[in-house]
Amino acid sequence: MGIYNQLKNKETKIGVIGLGYVGLPIALEFARSMQVVGFDINEKRVEMMRNNIDPSEELDASAFEGCDIHFTAKLEDLKDVTFFVVAVPTPIDLHNLPDLTPLIGASKTVGQVLKKGDYVVYESTVYPGCTEEDCIPILEEVSGLKFQDDFKVGYSPERINPGDTQHTLTNVVKVVSGSCEESLEEIAKVYEEVVQAGVHRAPTIKVAEAAKIIENTQRDLNIALVNELSIIFNRMKINTYDVLEAAGTKWNFLKFSPGLVGGHCIGVDPYYLTYKAKELGYHAQIINAGRFVNDSMGAYTAKQTVKKIIAAGKHISESKVLIMGATFKEDVSDIRNSKVCDVVNEFISFGAKVDVVDPHADSESLKEEYGFGLVDQIADNYDAVYVAVNHKEYLNLDEAYFKSITSDNPVIVDIKGIYRGKIKNMTYWSL
């Protein structure tokens, strides 16, 4: 009997390692028809999930109902697991190089409980070759078992989009791969149990890894192009969003918007690909150029704001700026790799006083990660308001609101262009 049938008959268990934005949704979906052990090294997060609370604030309590799942931070609870899903973060370090620390740690954890006949499927975004070159040797070393003879490995890249309630795990095609034909079919059947949209069987693990890494690299490059266009159009004194609206009337125009590009995917994944390319002796010029443009947008937009403040006849060192939004995208609490920190640091470098607000972000987490927190109360004397993130709470704000929180002759900076055409009697600028 194959491992899929064993799982389906609840003769054995699935173990999901890492219960963040990616791991928790897949664990809960599996738990609707199979026995699942949800493992995370953070005991505080584990306790929250035991109480039907998603620490990432993506799922409500109803998502936990009817699920056969045991949340734990104890290694011994994984001993009955035969199908492991590794869904830990794969960030970059301060030098924009891949940081495999969580992935290596998870591989060591699995290796300690790995048995003959077990399967290990990685979902973390990595460069092509990482699963076979970096992860499998750790599994072999720690477990004392031999890859292929004793255990099988697969790769099925996550496609979770934080804050997106339309493109969910169940209705987006899942790419799957295995270390052999048998493992590919077994892994595919396991995922087909929960992914209604079906699965795509990639011919090799490397192909599946590469497919994932280029999804976000492609988006990064398209956004970089629009960001660079916005810099050019700004010098021409035309609004980028007006241009995009006009160009978007053509059926095959790709609709990307300018802005700050952060988060744990688009702002990170391309660096995994360029790292591997460099290791193979190739300098990825286009990808690196796109990364440079997008990584510089925080400082660029802050400088443009400073220019407008000075043009209004104010001393920047005596000015007060409000930044609205600190998460990496709208309507999520995720602050990972948020480029708002670049904006804050740029304003501070000019001597401006900066307040930051966000209805979704956690102030303590921001302090720990970036060195600044959120203010409890919005003041009424800001010289500039910089709207960084288009949270739903901000969409319906009007000119009267901005006048109520600003001093004389203020500057309103609207990164995502949500107030275009609405601000008529104040200095207004957007990308």
# chains A, B, ... in the order shown; residues from 1 in each chain; ligands from 1
call {"tool": "residues_around", "arguments": {"residues": "stretch 336-346 of chain A", "least_positions_apart": "6", "cutoff": "9 Å", "atoms": "only C-alpha atoms", "output": "PyMOL selection string"}}
result
chain A and resi 91+260-264+267-268+295-303+323+325-329+354-356+369-372+388-389
call {"tool": "residues_around", "arguments": {"residues": "A:Leu78", "least_positions_apart": "3", "cutoff": "10 Å", "atoms": "only C-alpha atoms", "output": "MDAnalysis selection string"}}
result
chainID A and resid 13:17 36:39 72:75 81:82 84 109:110 112:114
call {"tool": "write_last_selection", "arguments": {"atoms": "C-alpha atoms", "output": "PDB file, in the first residue's frame"}}
result
ATOM      1  CA  LYS A  13       0.343  10.969   9.867  1.00  0.00           C
ATOM      2  CA  ILE A  14       1.442  14.049   7.988  1.00  0.00           C
ATOM      3  CA  GLY A  15       3.815  16.383   9.804  1.00  0.00           C
ATOM      4  CA  VAL A  16       4.000  20.048   8.776  1.00  0.00           C
ATOM      5  CA  ILE A  17       7.207  21.724   9.926  1.00  0.00           C
ATOM      6  CA  VAL A  36      -1.733  15.918  11.003  1.00  0.00           C
ATOM      7  CA  VAL A  37       0.963  16.982  13.438  1.00  0.00           C
ATOM      8  CA  GLY A  38       1.649  20.712  13.163  1.00  0.00           C
ATOM      9  CA  PHE A  39       5.163  21.488  14.423  1.00  0.00           C
ATOM     10  CA  THR A  72       3.268  20.877  19.117  1.00  0.00           C
ATOM     11  CA  ALA A  73       6.783  22.174  19.656  1.00  0.00           C
ATOM     12  CA  LYS A  74       8.018  18.779  20.887  1.00  0.00           C
ATOM     13  CA  LEU A  75      10.220  16.682  18.624  1.00  0.00           C
ATOM     14  CA  VAL A  81       4.843  10.940  11.115  1.00  0.00           C
ATOM     15  CA  THR A  82       5.731   9.354   7.759  1.00  0.00           C
ATOM     16  CA  PHE A  84       6.849  15.490   6.271  1.00  0.00           C
ATOM     17  CA  THR A 109      14.692  18.277  12.949  1.00  0.00           C
ATOM     18  CA  VAL A 110      13.156  15.947  10.368  1.00  0.00           C
ATOM     19  CA  GLN A 112      16.131  13.125  13.877  1.00  0.00           C
ATOM     20  CA  VAL A 113      12.773  11.378  13.438  1.00  0.00           C
ATOM     21  CA  LEU A 114      13.096  10.129   9.838  1.00  0.00           C
TER      22      LEU A 114
END
call {"tool": "atom_distance", "arguments": {"atom1": "atom CA of A:Asn171", "atom2": "atom CA of A:Gly154"}}
result
21.2 Å
call {"tool": "select_by_dssp", "arguments": {"residues": "stretch 242-415 of chain A", "states": "strand (DSSP E)", "output": "list in words"}}
result
Lys320, Val321, Leu322, Ile323, Met324, Lys353, Val354, Asp355, Val356, Val357, Tyr382, Asp383, Ala384, Val385, Tyr386, Val387, Thr406, Ser407, Asp408, Asn409, Pro410, Val411, Ile412, Val413 and Asp414 of chain A
call {"tool": "select_by_dssp", "arguments": {"residues": "stretch 81-314 of chain A", "states": "alpha helix (DSSP H)", "output": "ChimeraX atom specification"}}
result
/A:101-113,130,136-143,181-192,205-235,240-247,269-279,285-295,297-311
